[in-house]
Amino acid sequence: MTSGLDLRRFVRRDTNILQLLGLTVLIFAAMSALNPEKFLRPYNFESLTFVAPELGLLSIAMMLAMLTGGIDLSVIGIANLSAIVAGLFFHAAGGARGPGLINLPATTVAAGLTIALTTGLLAGAVNGLLIARVRITPILATIGTGQVYVGLSLVLTGGPAIVGFPALWDSIGNGTLAGVAVPLLLLLGIAGVVALVLTRTAFGIDLFLIGTSAKAAIFAGIRVGRATFLSYVATGLLASVAGIILSGRTNAAKSDYGTSYLLQAVLIAVLGGTNPAGGRASVLGVVIALVALMLLSSGLQLMRFSNFLVDFIWGAFLLIVIAINALRNRRR
Amino acid sequence: MPPPLLELRHIGKNFAGVRALDDLSLTIEPGEIHCLAGENGSGKSTLIKVISGVVVPDQGEMLFDGEAIRALTPVRAIACGVQVIFQDFSLFGNLTVAENLALSNELRDRRRFVSWRRVRAVATRAVARLGVDLDLDANVDRLPASGRQLVAIARALMSDARLLIMDEPTTALTRKEVETLFRIVRDIQARGISVLFVSHKMREMLEISEQITVIRNGRHAASGKTADFDEAGITRAMTGHDVGDVPYVWRGGSAAAPRLEVRGLAVPGRFRDIALTVQPGEILGIAGLLGSGRTDFALTLFGMHPGYGGKIAIDGVPVRLDTVQDAIGRGIAYVPEDRLTEGLFLSQSIDRNLLASCFRRLAAHGMLNRRRMRAAAALMIDAMRIVTPAGERPVMELSGGNQQRVMMGRWLMTAARILILNGPTVGVDVGSKAGIHAKLRELAQEQELAILMISDDVPELVQNCNRILVMHRGLIVDEIAASKTTEAAVSERLRLLA
Amino acid sequence: MTATSLLRRPETVIFLVIVMAMLAIGLVNPAFWQLGNMFSLVRANIVTGIMALGVLTVMISGGIDVSFPAFAMMAMYLTLLWMFATGYSGVALPFGMATAIGIGLGALNAFFVHSVRMIPLIVTLGTGALVRGFLLGVIGTSTINIDRMPTPLIDFARIDLLSTTGPDGGHAGLTAMVLIYLGFALLVHLMLRHTMIGRSVFAMGGDPEAARRVGFNIRRTTFFVYCLAGGLAGFTGLLHVSMIWLANPHDLAGMELDVIAAVVLGGASIFGGRGSVLGTMFGVFMLVMVNNSLIIMHISTTWQRVVVGVIVIAATAVTAWRDRKRIA
């Protein structure tokens with residue numbers, strides 16, 4: 001087709017992205033004006049590159065579940081369970097504290113990584129099985145499995161946090177590579193891979209089609225069950241990576257860490273242009289939405305807003321965003 | 001002579017600059033069955049909305065009983081005795097028949113509390129008035145389509161209806177059920193109630209109505225006594241031109257093995273002992289009533305009834321078709337009955353809809369090349385003559401005929417060798433119908449596709465197939481060579497089965 | 001009604017499951033059947049049960065609500081602060097006030113669901129976070145202990161219908177609050193079954209478009225269901241702290257999952273149009289009983305959430321399997 005049409009198409013597809021960018025700049029400007037000294041300090045942005053990625057991964061995971069018209073309310077449970085299982089493994093291998101634990105060799109840490117990722121994979125597979133094979137509605141299935149994963153974390157730890165991870169593990173959460181935070185590199189790498197899979201592979205496009213109409217997808221010969229299953233496995237895997245980063249950054253793992261991330265992941269996914277009813281999603285949109293909201297909350301924290309108040313503002317933001325989207329669609 | 005029940009004079013209506021209705025006049029006498037005919041998009045549904053007060057016209061007058069009514073609202077329309085039965089019936093599947101019948105009464109009386117005794121009494125009366133037998137305590141979602149329609153009619157008649165508007169009422173009905181419906185419609189007429197029967201099925205219009213009004217592009221195209229019309233006349237009025245009527249002739253083929261050979265095919269409870277062969281270039285029609293097993297037979301060929309019994313061979317090679325992927329891999333394609341829910345991804349682009357079944361084949365080393373995809377889709381848009389400014393447009397913007405072309409195009413992209421169409425022109429207007437038929441013939445003749453056409457539309461089968469099979473209660477009961485039969489003969493055969 | 005159709009009803013199924021579970025728990029530890037344990041079991045039903053009635057109504061209408069625990073705590077806390085500020089000592093007015101606050105917050109949900117047409121789960125996730133964030137971030141985080149709790153509330157919630165002395169000499173009473181629960185249950189049942197607004201909830205859950213065409217006021221119904229859920233939550237929030245003599249604004253977090261699980265367990269459909277008060281009460285009872293009986297069965301309480309999760313999965317799996325059979 002002609003390039004003129006392509007351009008129009010690009011603009012239309014990317015109005016959402018452009019608006020998000022505009023929003024980000026606006027937040028940036030507002031926060032800079034409100035905290036002129038603190039907000040613009042490089043340290044502030046640097047710390048964001050460590051804190052934001054875990055939430056970004058959870059948001060991408062949420063976006064994947066929403067893409068097929070589902071939702072995954074168990075992502076936080078999976079993240080914590082993965083970290084706890086790995087932590088218990090390290091404590092068994094190197095003792096509960098002391099140099100034995102901290103200096104565990106790379107091979108053991110790699111084994112721990114494998115264990116954590118496998119936990120996420122299996123947890124995602126259970127979700128996928130329940131949703132794609134048993135055909136339980138995603139909300140109910142993941143409410144149920146979410147309880148089970150949190151419950152297993154409680155059973156495994158007895159309640160208190162597991163404190164103390166190997167130094168190598170912690171460097172996943174707060175190390176740098178060529179001056180860039182490792183979590184940020186992980187986020188960018190994974191976001192790139194997910195974006196590529198979604199736009200350039202048959203599997204990715206199948207997910208868009210399934211989200212638009214699962215019935216039509218069956219009649220088009222798409223393996224709906226398998227693709228849906230795999231998307232939840234990927235969701236679980238992404239959640240476990242988030243859990244690894246979170247436990248590495250804080251050097252601890254607990255059954256109820258990051259519970260407020262659930263809402264935030266939903267918000268970022270929706271703000272990033274994901275249609276919760278399925279069929280529309282954009283990794284780039286989610287990443288920009290993440291940046292916007294992280295700038296907002298860090299600015300608010302610099303203004304000594306409590307975490308609770310930040311939660312309040314996130315909630316308000318979610319509602320305002322959907323209201324604006326609805327207004328915009330109605331006018332169209 | 002009493003004034004007409006309803007008179008529309010020079011009605012006009014614009015939607016965002018588009019002329020939906022233009023200088024349209026229509027008169028309905030008391031106790032008359034009036035047919036409103038027109039293609040999809042001709043303004044039929046706007047007209048229904050005007051009469052029921054949902055849409056306010058920009059120009060023109062409306063008279064009930066000779067009195068002009070300004071600013072008709074839905075409530076006033078109901079007070080004037082107008083009742084509409086929508087195509088989807090607007091019933092509540094999770095509620096009982098009795099409650100569905102009584103709800104609007106309770107609402108109209110502005111009740112706050114429900115008396116179940118009153119609900120039952122009202123419902124019993126409504127069903128009795130219609131002279132039908134319905135289980136009042138059954139949930140509506142357990143009823144067949146015909147039962148749901150009876151509930152919808154009974155509900156409409158409860159509120160002192162004087163004009164009953166039925167929007168495409170026969171779509172989901174079998175032939176026998178259509179006859180029951182017609183009997184009921186005549187009963188309604190005998191009570192002095194007028195019926196406006198909105199349809200695009202010629203045969204039914206000619207059978208049921210006394211007056212016909214045909215509209216085209218929002219304008220009056222023709223009207224008069226039904227006795228003065230024949231099918232060609234209505235078609236000409238609806239489309240503005242004649243539609244060709246040349247039957248399909250299969251020239252015979254030289255293939256060593258039949259394209260499709262089926263022996264002893266059976267799915268318990270659905271159909272059994274199906275045996276047939278189809279040669280490349282043949283168009284085989286399958287007629288039969290709803291529930292005859294014809295759709296299940298098609299779905300089995302498409303891999304959706306794993307574990308079927310019997311043998312299937314394609315081009316002489318025995319195959320098992322236990323998944324949709326098996327079937328597609330063997331060159332079988334299926335265009336489903338319900339294009340909107342089973343066929344298309346409405347909010348996705350035309351390109352994606354065309355390519356939906358061949359992304360895996362297009363991906364080199366697992367990755368898709370965008371330019372290649374767009375080029376492939378553009379070729380198909382061209383080949384299928386799909387009218388659109390760009391392949392990136394969402395498929396829901398297309399007309400029914402173009403959407404059906406997208407469905408067919410999707411399968412041509414998978415290099416299908418056997419194309420099964422279930423209701424190839426359902427929801428396609430008369431003008432585009434001919435185009436789709438021509439395309440199917442061309443595919444059969446030039447690309448040697450074997451085509452299986454399942455349809456309720458007997459003229460369509462007789463015109464386009466070289467052979468017609470009749471299915472009944474899971475068996476093939478008849479095979480008719482199209483060259484040796486007429487529409488009337490096939491219709492008669494079906495009527496005997498019903 | 002024939003025997004088979006009675007057996008098909010979800011209420012019957014869950015009732016039979018409850019009876020079997022009770023027999024099983026009683027076999028493991030006969031102490032289960034002690035009157036004191038029975039009384040505490042009933043007591044534990046009340047808060048979850050009343051909230052479930054609201055969620056049931058929302059679910060029948062085709063929506064879902066995960067914001068009500070936050071609403072409950074907000075209504076409770078504001079009411080208590082008001083009582084401290086004015087020194088008011090009564091019972092009816094505070095409960096009325098908590099209910100009103102809940103209704104107001106429910107209207108917020110309804111506005112977003114109806115006027116903005118957003119998926120209820122997303123809306124109520126948002127309002128829940130908003131309200132809880134506002135409560136903890138602006139109003140206060142401090143727990144109000146028994147020594148500061150208004151005595152009229154405590155005295156009210158302490159009323160027993162009957163009491164016994166257990167074999168160990170302990171005192172056990174059947175709280176009168178169960179009457180409130182049963183009263184609400186009866187009212188909601190009558191509302192759903194015998195009023196037009198109740199039938200409009202079912203109609204809307206069955207087919208919103210058809211409901212609009214028949215002439216139901218969809219907007220009013222939407223506001224009604226979310227305000228009912230909010231109002232019941234507000235009332236129950238205050239009742240809850242009156243019963244435990246401790247008002248902690250962090251309380252009840254995560255409770256939405258239990259309540260939704262109970263409602264689904266009781267046979268309500270998450271797609272709307274189906275559900276009953278009796279089934280929901282059974283669902284609540286089942287969940288509460290399992291939670292309360294783990295200790296009696298000598299199972300560590302850390303297993304609680306695993307057990308609840310497994311029950312939810314099992315129940316929804318059975319429903320999904322049944323629905324699939326029906327379609328086939």
# chains A, B, ... in the order shown; residues from 1 in each chain; ligands from 1

call {"tool": "residues_around", "arguments": {"residues": "segment 211-217 of chain A", "least_positions_apart": "2", "cutoff": "9 Å", "atoms": "only C-alpha atoms", "output": "VMD selection string"}}
result
(chain A and resid 66 to 70 206 to 209 219 to 224 277 to 280) or (chain B and resid 339 to 348 356 to 357)

call {"tool": "write_last_selection", "arguments": {"atoms": "N, CA, C and O atoms", "output": "CSV table (one decimal), in the first residue's frame"}}
result
chain,number,residue,atom,x,y,z
A,66,MET,N,-3.8,-10.0,30.1
A,66,MET,CA,-5.0,-9.2,29.6
A,66,MET,C,-5.1,-9.3,28.1
A,66,MET,O,-6.2,-9.2,27.6
A,67,LEU,N,-4.0,-9.6,27.5
A,67,LEU,CA,-4.0,-9.6,26.0
A,67,LEU,C,-5.0,-10.7,25.5
A,67,LEU,O,-5.7,-10.5,24.5
A,68,THR,N,-5.1,-11.8,26.2
A,68,THR,CA,-6.1,-12.8,25.7
A,68,THR,C,-7.4,-12.6,26.4
A,68,THR,O,-8.2,-13.5,26.4
A,69,GLY,N,-7.6,-11.5,27.0
A,69,GLY,CA,-8.9,-11.2,27.7
A,69,GLY,C,-9.0,-11.7,29.1
A,69,GLY,O,-10.0,-11.7,29.7
A,70,GLY,N,-7.8,-12.1,29.7
A,70,GLY,CA,-7.8,-12.6,31.0
A,70,GLY,C,-7.2,-11.7,32.0
A,70,GLY,O,-7.2,-10.5,31.7
A,206,ASP,N,-1.2,-14.7,17.3
A,206,ASP,CA,-2.3,-15.5,17.7
A,206,ASP,C,-2.9,-15.0,19.0
A,206,ASP,O,-4.1,-15.0,19.2
A,207,LEU,N,-2.1,-14.5,19.9
A,207,LEU,CA,-2.6,-14.0,21.2
A,207,LEU,C,-3.5,-12.8,21.0
A,207,LEU,O,-4.6,-12.7,21.6
A,208,PHE,N,-3.1,-11.9,20.1
A,208,PHE,CA,-4.0,-10.8,19.8
A,208,PHE,C,-5.4,-11.3,19.2
A,208,PHE,O,-6.4,-10.8,19.6
A,209,LEU,N,-5.3,-12.3,18.3
A,209,LEU,CA,-6.5,-12.8,17.7
A,209,LEU,C,-7.4,-13.5,18.7
A,209,LEU,O,-8.6,-13.3,18.7
A,219,PHE,N,-11.9,-21.4,14.9
A,219,PHE,CA,-12.3,-21.7,13.6
A,219,PHE,C,-11.3,-21.3,12.5
A,219,PHE,O,-11.3,-21.7,11.4
A,220,ALA,N,-10.3,-20.5,13.0
A,220,ALA,CA,-9.2,-20.1,12.1
A,220,ALA,C,-8.1,-21.1,12.2
A,220,ALA,O,-7.0,-20.9,11.5
A,221,GLY,N,-8.3,-22.1,13.0
A,221,GLY,CA,-7.2,-23.1,13.1
A,221,GLY,C,-6.1,-22.8,14.1
A,221,GLY,O,-5.0,-23.4,14.1
A,222,ILE,N,-6.3,-21.7,14.9
A,222,ILE,CA,-5.3,-21.4,15.9
A,222,ILE,C,-5.4,-22.3,17.1
A,222,ILE,O,-6.5,-22.6,17.5
A,223,ARG,N,-4.3,-22.8,17.6
A,223,ARG,CA,-4.3,-23.6,18.8
A,223,ARG,C,-4.6,-22.8,20.0
A,223,ARG,O,-3.6,-22.4,20.7
A,224,VAL,N,-5.8,-22.5,20.3
A,224,VAL,CA,-6.2,-21.5,21.3
A,224,VAL,C,-5.8,-22.0,22.7
A,224,VAL,O,-5.2,-21.2,23.4
A,277,ALA,N,-10.3,-6.2,28.1
A,277,ALA,CA,-11.2,-7.2,27.5
A,277,ALA,C,-10.4,-8.0,26.5
A,277,ALA,O,-11.0,-8.9,25.9
A,278,GLY,N,-9.2,-7.7,26.2
A,278,GLY,CA,-8.4,-8.5,25.3
A,278,GLY,C,-8.3,-7.9,23.9
A,278,GLY,O,-9.0,-7.1,23.5
A,279,GLY,N,-7.2,-8.4,23.2
A,279,GLY,CA,-7.0,-8.0,21.8
A,279,GLY,C,-6.2,-6.8,21.5
A,279,GLY,O,-5.8,-6.5,20.4
A,280,ARG,N,-5.8,-6.0,22.6
A,280,ARG,CA,-5.0,-4.9,22.3
A,280,ARG,C,-3.9,-4.7,23.4
A,280,ARG,O,-4.3,-4.8,24.6
B,339,ARG,N,-20.7,-15.6,10.7
B,339,ARG,CA,-19.5,-14.9,10.4
B,339,ARG,C,-19.0,-14.0,11.5
B,339,ARG,O,-17.8,-13.9,11.7
B,340,LEU,N,-19.9,-13.4,12.2
B,340,LEU,CA,-19.5,-12.4,13.1
B,340,LEU,C,-18.9,-12.9,14.4
B,340,LEU,O,-18.0,-12.3,15.0
B,341,THR,N,-19.4,-14.1,14.9
B,341,THR,CA,-18.8,-14.6,16.1
B,341,THR,C,-17.8,-15.7,15.8
B,341,THR,O,-16.8,-15.9,16.6
B,342,GLU,N,-18.0,-16.5,14.8
B,342,GLU,CA,-17.1,-17.7,14.5
B,342,GLU,C,-16.1,-17.4,13.5
B,342,GLU,O,-15.1,-18.1,13.4
B,343,GLY,N,-16.3,-16.4,12.7
B,343,GLY,CA,-15.4,-16.2,11.6
B,343,GLY,C,-14.4,-15.0,11.8
B,343,GLY,O,-13.2,-15.3,11.7
B,344,LEU,N,-14.9,-13.9,12.0
B,344,LEU,CA,-14.0,-12.7,11.9
B,344,LEU,C,-13.5,-12.2,13.3
B,344,LEU,O,-14.1,-12.4,14.3
B,345,PHE,N,-12.4,-11.6,13.2
B,345,PHE,CA,-11.8,-10.9,14.4
B,345,PHE,C,-12.2,-9.4,14.1
B,345,PHE,O,-11.4,-8.7,13.5
B,346,LEU,N,-13.3,-9.0,14.6
B,346,LEU,CA,-13.9,-7.8,14.2
B,346,LEU,C,-13.1,-6.5,14.3
B,346,LEU,O,-13.0,-5.7,13.5
B,347,SER,N,-12.4,-6.4,15.5
B,347,SER,CA,-11.7,-5.1,15.7
B,347,SER,C,-10.3,-5.2,15.1
B,347,SER,O,-9.6,-4.2,15.1
B,348,GLN,N,-9.9,-6.4,14.6
B,348,GLN,CA,-8.6,-6.5,14.0
B,348,GLN,C,-8.6,-6.1,12.5
B,348,GLN,O,-9.7,-6.0,11.9
B,356,ALA,N,-4.9,-14.8,9.2
B,356,ALA,CA,-5.1,-15.5,10.5
B,356,ALA,C,-4.7,-16.9,10.5
B,356,ALA,O,-4.1,-17.4,11.5
B,357,SER,N,-4.9,-17.6,9.4
B,357,SER,CA,-4.6,-19.1,9.4
B,357,SER,C,-3.3,-19.4,8.8
B,357,SER,O,-3.0,-20.6,8.7

call {"tool": "select_by_dssp", "arguments": {"residues": "segment 290-374 of chain B", "states": "helix (DSSP H, G or I)", "output": "PyMOL selection string"}}
result
chain B and resi 294-301+324-329+339-343+350-355+359-362+370-374

call {"tool": "select_by_dssp", "arguments": {"residues": "segment 265-449 of chain B", "states": "strand (DSSP E)", "output": "number ranges by chain"}}
result
B: 265-267, 271-278, 283-288, 309-314, 317-319, 332-335, 418-422

call {"tool": "residues_around", "arguments": {"residues": "Leu101 of chain B", "least_positions_apart": "4", "cutoff": "9 Å", "atoms": "only C-alpha atoms", "output": "CSV table (one decimal) with all heavy atoms, in the first residue's frame"}}
result
chain,number,residue,atom,x,y,z
B,96,THR,N,-37.3,-17.5,33.8
B,96,THR,CA,-38.3,-18.5,33.3
B,96,THR,C,-39.1,-17.9,32.2
B,96,THR,O,-39.2,-16.6,32.0
B,96,THR,CB,-39.2,-19.0,34.4
B,96,THR,OG1,-40.0,-17.9,34.8
B,96,THR,CG2,-38.5,-19.6,35.5
B,97,VAL,N,-39.8,-18.7,31.4
B,97,VAL,CA,-40.7,-18.3,30.4
B,97,VAL,C,-41.7,-17.3,30.9
B,97,VAL,O,-42.0,-16.2,30.4
B,97,VAL,CB,-41.3,-19.5,29.7
B,97,VAL,CG1,-42.5,-19.0,28.7
B,97,VAL,CG2,-40.3,-20.3,28.9
B,105,ASN,N,-45.1,-6.3,31.5
B,105,ASN,CA,-46.4,-5.9,32.1
B,105,ASN,C,-46.1,-5.2,33.5
B,105,ASN,O,-46.7,-4.2,33.8
B,105,ASN,CB,-47.3,-7.1,32.3
B,105,ASN,CG,-48.5,-7.0,31.5
B,105,ASN,OD1,-48.5,-6.3,30.5
B,105,ASN,ND2,-49.5,-7.7,31.9
B,119,VAL,N,-47.7,-13.1,38.0
B,119,VAL,CA,-46.8,-13.4,36.8
B,119,VAL,C,-47.3,-14.6,36.1
B,119,VAL,O,-47.4,-14.7,34.9
B,119,VAL,CB,-45.4,-13.6,37.3
B,119,VAL,CG1,-44.5,-14.3,36.3
B,119,VAL,CG2,-44.8,-12.3,37.7
B,122,VAL,N,-50.6,-14.0,34.2
B,122,VAL,CA,-50.4,-13.2,33.0
B,122,VAL,C,-49.8,-14.0,31.9
B,122,VAL,O,-50.2,-14.0,30.8
B,122,VAL,CB,-49.5,-12.0,33.4
B,122,VAL,CG1,-49.0,-11.3,32.1
B,122,VAL,CG2,-50.2,-11.0,34.2
B,123,ALA,N,-48.8,-14.8,32.3
B,123,ALA,CA,-48.1,-15.7,31.3
B,123,ALA,C,-49.0,-16.7,30.8
B,123,ALA,O,-49.0,-17.0,29.6
B,123,ALA,CB,-46.9,-16.3,32.0
B,126,ALA,N,-51.1,-15.2,28.2
B,126,ALA,CA,-50.4,-14.8,27.0
B,126,ALA,C,-50.2,-16.0,26.1
B,126,ALA,O,-50.3,-15.9,24.9
B,126,ALA,CB,-49.1,-14.2,27.4
B,127,VAL,N,-49.8,-17.1,26.7
B,127,VAL,CA,-49.5,-18.3,26.0
B,127,VAL,C,-50.8,-18.8,25.4
B,127,VAL,O,-50.9,-19.3,24.2
B,127,VAL,CB,-48.8,-19.3,26.8
B,127,VAL,CG1,-48.8,-20.7,26.1
B,127,VAL,CG2,-47.4,-18.9,27.2
B,151,VAL,N,-42.0,-17.1,22.6
B,151,VAL,CA,-42.0,-16.3,23.8
B,151,VAL,C,-42.0,-14.8,23.4
B,151,VAL,O,-42.8,-14.0,24.0
B,151,VAL,CB,-40.9,-16.7,24.8
B,151,VAL,CG1,-40.9,-15.7,26.0
B,151,VAL,CG2,-40.9,-18.1,25.2
B,152,ALA,N,-41.1,-14.5,22.5
B,152,ALA,CA,-41.0,-13.1,22.1
B,152,ALA,C,-42.3,-12.6,21.5
B,152,ALA,O,-42.8,-11.5,21.7
B,152,ALA,CB,-39.9,-12.9,21.1
B,154,ALA,N,-45.4,-13.9,22.0
B,154,ALA,CA,-46.4,-13.8,23.0
B,154,ALA,C,-46.2,-12.6,23.9
B,154,ALA,O,-47.2,-11.9,24.2
B,154,ALA,CB,-46.3,-15.1,23.9
B,155,ARG,N,-45.0,-12.2,24.1
B,155,ARG,CA,-44.7,-11.1,25.0
B,155,ARG,C,-45.2,-9.8,24.2
B,155,ARG,O,-45.8,-8.9,24.8
B,155,ARG,CB,-43.2,-11.0,25.3
B,155,ARG,CG,-42.9,-9.8,26.2
B,155,ARG,CD,-41.5,-9.8,26.7
B,155,ARG,NE,-40.6,-9.5,25.5
B,155,ARG,CZ,-39.3,-9.4,25.7
B,155,ARG,NH1,-38.7,-9.7,26.8
B,155,ARG,NH2,-38.5,-9.0,24.6
B,156,ALA,N,-44.9,-9.7,22.9
B,156,ALA,CA,-45.2,-8.5,22.2
B,156,ALA,C,-46.8,-8.4,22.1
B,156,ALA,O,-47.3,-7.3,22.1
B,156,ALA,CB,-44.7,-8.6,20.8
B,158,MET,N,-48.9,-9.2,24.3
B,158,MET,CA,-49.6,-9.0,25.5
B,158,MET,C,-50.1,-7.5,25.7
B,158,MET,O,-51.1,-7.3,26.3
B,158,MET,CB,-48.7,-9.3,26.7
B,158,MET,CG,-48.5,-10.8,26.8
B,158,MET,SD,-47.3,-11.1,28.0
B,158,MET,CE,-47.9,-10.1,29.3

call {"tool": "closest_atom_pairs", "arguments": {"of": "chain C", "to": "chain A", "cutoff": "8 Å", "atoms": "only C-alpha atoms", "output": "JSON lines"}}
result
{"residue": "C:Phe112", "atom": "CA", "partner": "A:Ala323", "partner_atom": "CA", "distance": 7.5}
{"residue": "C:Val116", "atom": "CA", "partner": "A:Ala326", "partner_atom": "CA", "distance": 5.7}
{"residue": "C:Arg117", "atom": "CA", "partner": "A:Ala326", "partner_atom": "CA", "distance": 7.4}
{"residue": "C:Met118", "atom": "CA", "partner": "A:Ile322", "partner_atom": "CA", "distance": 7.1}
{"residue": "C:Ile119", "atom": "CA", "partner": "A:Pro276", "partner_atom": "CA", "distance": 7.6}
{"residue": "C:Ile122", "atom": "CA", "partner": "A:Val266", "partner_atom": "CA", "distance": 7.7}
{"residue": "C:Val123", "atom": "CA", "partner": "A:Leu319", "partner_atom": "CA", "distance": 6.8}
{"residue": "C:Leu125", "atom": "CA", "partner": "A:Leu263", "partner_atom": "CA", "distance": 6.5}
{"residue": "C:Gly126", "atom": "CA", "partner": "A:Gly315", "partner_atom": "CA", "distance": 4.6}
{"residue": "C:Thr127", "atom": "CA", "partner": "A:Gly315", "partner_atom": "CA", "distance": 6.2}
{"residue": "C:Gly128", "atom": "CA", "partner": "A:Gly315", "partner_atom": "CA", "distance": 7.6}
{"residue": "C:Ala129", "atom": "CA", "partner": "A:Gly315", "partner_atom": "CA", "distance": 5.2}
{"residue": "C:Leu130", "atom": "CA", "partner": "A:Phe312", "partner_atom": "CA", "distance": 4.2}
{"residue": "C:Val131", "atom": "CA", "partner": "A:Phe312", "partner_atom": "CA", "distance": 6.8}
{"residue": "C:Arg132", "atom": "CA", "partner": "A:Phe312", "partner_atom": "CA", "distance": 7.1}
{"residue": "C:Gly133", "atom": "CA", "partner": "A:Phe312", "partner_atom": "CA", "distance": 4.0}
{"residue": "C:Phe134", "atom": "CA", "partner": "A:Phe312", "partner_atom": "CA", "distance": 5.4}
{"residue": "C:Leu136", "atom": "CA", "partner": "A:Phe308", "partner_atom": "CA", "distance": 5.7}
{"residue": "C:Gly137", "atom": "CA", "partner": "A:Leu309", "partner_atom": "CA", "distance": 4.4}
{"residue": "C:Val138", "atom": "CA", "partner": "A:Leu309", "partner_atom": "CA", "distance": 7.0}
{"residue": "C:Leu257", "atom": "CA", "partner": "A:Ile143", "partner_atom": "CA", "distance": 6.7}
{"residue": "C:Ala261", "atom": "CA", "partner": "A:Leu140", "partner_atom": "CA", "distance": 7.9}
{"residue": "C:Thr302", "atom": "CA", "partner": "A:Val155", "partner_atom": "CA", "distance": 5.3}
{"residue": "C:Trp303", "atom": "CA", "partner": "A:Val155", "partner_atom": "CA", "distance": 6.1}
{"residue": "C:Gln304", "atom": "CA", "partner": "A:Gly151", "partner_atom": "CA", "distance": 7.0}
{"residue": "C:Arg305", "atom": "CA", "partner": "A:Gly151", "partner_atom": "CA", "distance": 4.7}
{"residue": "C:Val306", "atom": "CA", "partner": "A:Val148", "partner_atom": "CA", "distance": 4.2}
{"residue": "C:Val307", "atom": "CA", "partner": "A:Val148", "partner_atom": "CA", "distance": 7.4}
{"residue": "C:Val308", "atom": "CA", "partner": "A:Gln147", "partner_atom": "CA", "distance": 7.1}
{"residue": "C:Gly309", "atom": "CA", "partner": "A:Gly144", "partner_atom": "CA", "distance": 4.3}
{"residue": "C:Val310", "atom": "CA", "partner": "A:Gly144", "partner_atom": "CA", "distance": 6.6}
{"residue": "C:Ile311", "atom": "CA", "partner": "A:Gly144", "partner_atom": "CA", "distance": 7.9}
{"residue": "C:Val312", "atom": "CA", "partner": "A:Gly144", "partner_atom": "CA", "distance": 5.3}
{"residue": "C:Ile313", "atom": "CA", "partner": "A:Gly144", "partner_atom": "CA", "distance": 5.3}
{"residue": "C:Thr316", "atom": "CA", "partner": "A:Ile136", "partner_atom": "CA", "distance": 6.2}
{"residue": "C:Ala317", "atom": "CA", "partner": "A:Ile136", "partner_atom": "CA", "distance": 6.0}
{"residue": "C:Ala320", "atom": "CA", "partner": "A:Ile136", "partner_atom": "CA", "distance": 5.7}
{"residue": "C:Trp321", "atom": "CA", "partner": "A:Val134", "partner_atom": "CA", "distance": 7.0}

call {"tool": "closest_residue", "arguments": {"among": "A:Gly204, A:Gly299, A:Gly285, A:Gly98", "to": "chain B", "atoms": "only C-alpha atoms"}}
result
A:Gly204

call {"tool": "atom_distance", "arguments": {"atom1": "atom CA of Gly331 of chain B", "atom2": "atom CA of Asp429 of chain B"}}
result
29.2 Å

call {"tool": "residues_around", "arguments": {"residues": "Gly253 of chain B", "least_positions_apart": "6", "cutoff": "9 Å", "atoms": "only C-alpha atoms", "output": "PyMOL selection string"}}
result
chain B and resi 279-282+448

call {"tool": "residues_around", "arguments": {"residues": "Arg393 of chain B", "least_positions_apart": "2", "cutoff": "8 Å", "atoms": "only C-alpha atoms", "output": "PyMOL selection string"}}
result
chain B and resi 348-350+388-391+395+397

call {"tool": "interface_residues", "arguments": {"of": "chain B", "to": "chain C", "cutoff": "10 Å", "atoms": "only C-alpha atoms", "output": "list in words"}}
result
Pro74, Val75, Phe86, Asp88, Phe89, Ser90, Leu91, Phe92, Gly93, Asn94, Leu95, Glu99, Asn100, Leu103, Ser104, Asn105, Glu106, Leu107, Arg108, Arg110, Arg111, Arg112, Phe113, Val114, Ser115, Trp116 and Arg142 of chain B

call {"tool": "residues_around", "arguments": {"residues": "Trp33 of chain C", "least_positions_apart": "3", "cutoff": "12 Å", "atoms": "only C-alpha atoms", "output": "MDAnalysis selection string"}}
result
chainID C and resid 22:30 36:41 166 289 293 296

call {"tool": "residues_around", "arguments": {"residues": "Pro105 of chain A", "least_positions_apart": "2", "cutoff": "10 Å", "atoms": "only C-alpha atoms", "output": "PyMOL selection string"}}
result
chain A and resi 94+100-103+107-110+166-168

call {"tool": "closest_atom_pairs", "arguments": {"of": "segment 177-250 of chain B", "to": "segment 474-481 of chain B", "cutoff": "12 Å", "atoms": "only C-alpha atoms", "output": "tab-separated table"}}
result
residue	atom	partner	partner_atom	distance
B:Pro247	CA	B:Ala481	CA	11.6
B:Tyr248	CA	B:Ala481	CA	11.1
B:Val249	CA	B:Ala481	CA	10.4
B:Trp250	CA	B:Ala481	CA	10.8
